[in-house]
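**Q** Have a look at this one before I ask anything.
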Amino acid sequence: MAIKAAILGFGTVGEGVYRTIQSHKKELETLLGKKVEVAAILIQNKQKDRNIEDNVLVTTDYNEIINLSQLDIVVDAIVGKDPAFSYLKKAIERGCHIITANKEMFAHHGKALLALAKEHSVSVGFEATVAGGIPIIQTLRQLLKVNRVQQIQGIVNGTSNFILTEMREKKQSFPEALKLAQEKGFAEADPTNDVEGFDAFYKLMILSRVAFGAEPDWNKVERVGITSITSELIEVANKLDFRFKHVVSIHKDGDRLIGSVRPVLVGNSHPFFHVEGVENAVNVYSDIVGRITLQGPGAGMFPTASAVIEDLVYAGNRNQQDKHLDKPVTDAFPLTNGSLHDFYLLNGVNKRDLSASISITEQVADQTFIVETVHEEILRLIQENSSIRYYPILDGTQTLLNRKKRKTVTV
Ligand SMILES: NC(=O)c1ccc[n+]([C@@H]2O[C@H](COP(=O)([O-])OP(=O)(O)OC[C@H]3O[C@@H](n4cnc5c(N)ncnc54)[C@H](OP(=O)(O)O)[C@@H]3O)[C@@H](O)[C@H]2O)c1
């Protein structure tokens with residue numbers, strides 16, 4: 001008997017999954033020992049023309065899908081928290097494995113779905129919720145089981161990375177680069193989710209749960225988008241041989257998980273320096289292996305379908321596999337590298353506002369300084385004057401030392 005799947009949604013992701021199941025029939029059958037058939041597709045708008053085979057039930061009524069006589073896997077490729085959450089709950093209760101690409105829904109309800117799935121002995125695939133085609137979730141869940149993760153950093157929003165790359169390479173303003181992203185289909189008409197860091201925030205929460213078995217307090221995670229980055233700041237960074245990247249970061253300090261979603265500067269020895277356009281990348285620092293970086297397409301029809309299909313094979317093979325995928329909650333493990341606390345670019349600040357514990361490395365433009373200090377001092381400064389912007393510099397020490405040397409020689 002074939003494995004019967006339903007796909008909820010037939011947009012970029014849903015269609016990509018459908019086409020990939022068709023184009024990789026043989027591989028799927030070899031891996032699973034059975035054919036995979038798409039039994040049904042849920043849509044919203046009946047008027048749209050779609051290229052779907054006649055034997056597939058195409059419906060706007062989820063009840064028709066959940067009541068099919070055979071249904072093994074439900075793939076969620078629709079948008080938003082609801083009704084996706086209630087659809088997936090029903091699927092699990094019926095005994096189906098579920099796979100989702102819907103990060104907003106999964107960041108809010110992933111914990112509940114995982115618990116329910118455990119009760120019903122089915123699997124939950126969510127590889128596609130973070131960094132599109134990059135297999136970061138399975139890497140953390142399956143391939144780094146014994147390693148204790150110390151920190152994760154990621155460029156996980158392709159739209160923001162595309163805008164920052166355009167601003168630097170083509171010397172465009174933020175509105176110009178955003179307009180281009182919208183024309184190319186990389187940004188939605190309302191880009192808030194991407195450029196204000198909400199999308200990245202959801203992905204950070206999903207990563208944190210997988211890597212550390214818990215999430216930081218949502219209200220305590222700093223979330224800053226890329227809208228504060230001006231052409232002038234891009235120019236300053238360029239001159240210093242740094243690049244702006246929008247980075248999510250999570251690490252454990254004692255019992256606390258510390259997360260942030262914000263623009264940072266990276267030096268040219270950092271793996272994120274060359275991650276450009278809509279590409280994504282994730283760094284995992286763990287105690288045995290050290291730093292590994294995964295890089296690749298963070299979105300798009302087939303990269304995302306790739307993540308879903310790999311989850312589908314896992315679900316189909318589930319009975320032969322280890323069911324205890326989730327890493328246990330581990331003790332804090334000290335960071336040895338990748339720390340965000342060292343050098344910062346400060347913008348909109350006067351020299352006299354800087355306390356003695358913030359040491360100026362260099363003034364790089366009007367009201368713009370590179371400083372060396374600890375994170376707590378920066379937070380204190382921002383509390384006193386919220387119009388000051390700060391950007392941590394990752395892997396910048398060597399660049400700054402080289403710059404100092406060059407300047408000394410010139411003098
Ligand atoms: N696009 C990417 O590269 C990407 C990457 C990773 C994750 N994701 C996530 O994957 C999900 C799908 O993204 P997408 O880009 O494929 O979206 P999309 O192109 O806008 O397609 C959404 C599809 O879902 C259907 N739909 C939406 N709400 C529905 C509802 N309540 N009931 C039934 N059908 C509904 C729509 O139906 P109609 O066709 O009838 O309008 C459409 O077919 C989102 O959660 C997104 O965050 C996307």
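Order determines the names: the first chain of the structure tokens is A, the second B, and so forth; residues in each chain are numbered 1 upward, and ligands are numbered 1 upward as they are shown.
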Let's see if you can do this: from backbone DSSP, list all strand (DSSP E) residues in segment 14-206 of chain A, as a list in words.

**A**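 Result set for segment 14-206 of chain A (strand (DSSP E)): Val36, Glu37, Val38, Ala39, Ala40, Ile41, Leu42, Leu57, Val58, Thr59, Ile73, Val74, Val75, Asp76, His97, Ile98, Ile99, Thr100, Val124, Gly125, Val149, Gln150, Gln151, Ile152, Gln153, Gly154 and Ile155 of chain A.
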
**Q** Within 9 Å of ligand 1, which residues show up when you count only C-alpha atoms and all ligand atoms? List them as a PyMOL selection string, please.

**A** chain A and resi 8-16+41-48+50+59-62+76-84+100-105+128-133+186+199+298-305+307

**Q** Considering only C-alpha atoms, state which residue in the set A:Leu207, A:Val282, A:Val74, A:Leu346 is at the smallest distance from Ile155 of chain A.

**A**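 Closest to Ile155 of chain A of all the choices is A:Val282.
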
**Q** Give one line per residue of segment 131-193 of chain A that approaches segment 225-248 of chain A to at most 9 Å, naming the two atoms of the closest pair and their distance in Å to one decimal, counting only C-alpha atoms; sort by chain then ascending residue number and deliver it as a Markdown table.

**A**
| residue | atom | partner | partner_atom | distance |
| --- | --- | --- | --- | --- |
| A:Ile152 | CA | A:Val248 | CA | 7.9 |
| A:Gln153 | CA | A:Val248 | CA | 5.5 |
| A:Gly154 | CA | A:Val248 | CA | 5.2 |
| A:Ile155 | CA | A:Val247 | CA | 5.0 |
| A:Val156 | CA | A:Val247 | CA | 7.4 |
| A:Asn157 | CA | A:His246 | CA | 7.8 |
| A:Ser160 | CA | A:His246 | CA | 6.8 |
| A:Asn161 | CA | A:Lys245 | CA | 6.5 |
| A:Ile163 | CA | A:Ile226 | CA | 8.9 |
| A:Leu164 | CA | A:Phe244 | CA | 6.8 |
| A:Thr165 | CA | A:Phe244 | CA | 8.5 |
| A:Met167 | CA | A:Ser231 | CA | 6.8 |
| A:Arg168 | CA | A:Ile234 | CA | 6.2 |
| A:Lys171 | CA | A:Ser231 | CA | 7.1 |
| A:Gln172 | CA | A:Ser231 | CA | 7.0 |
| A:Ser173 | CA | A:Ser231 | CA | 5.7 |
| A:Phe174 | CA | A:Thr230 | CA | 6.8 |
| A:Thr192 | CA | A:Gly225 | CA | 9.0 |

**Q** Ranking A:Ala91, A:Val349, A:Ala356, A:Val261 by minimum distance to Asn63 of chain A and counting only C-alpha atoms, which one comes first?

**A**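 Ranking A:Ala91, A:Val349, A:Ala356, A:Val261 by distance to Asn63 of chain A, first place goes to A:Ala91.
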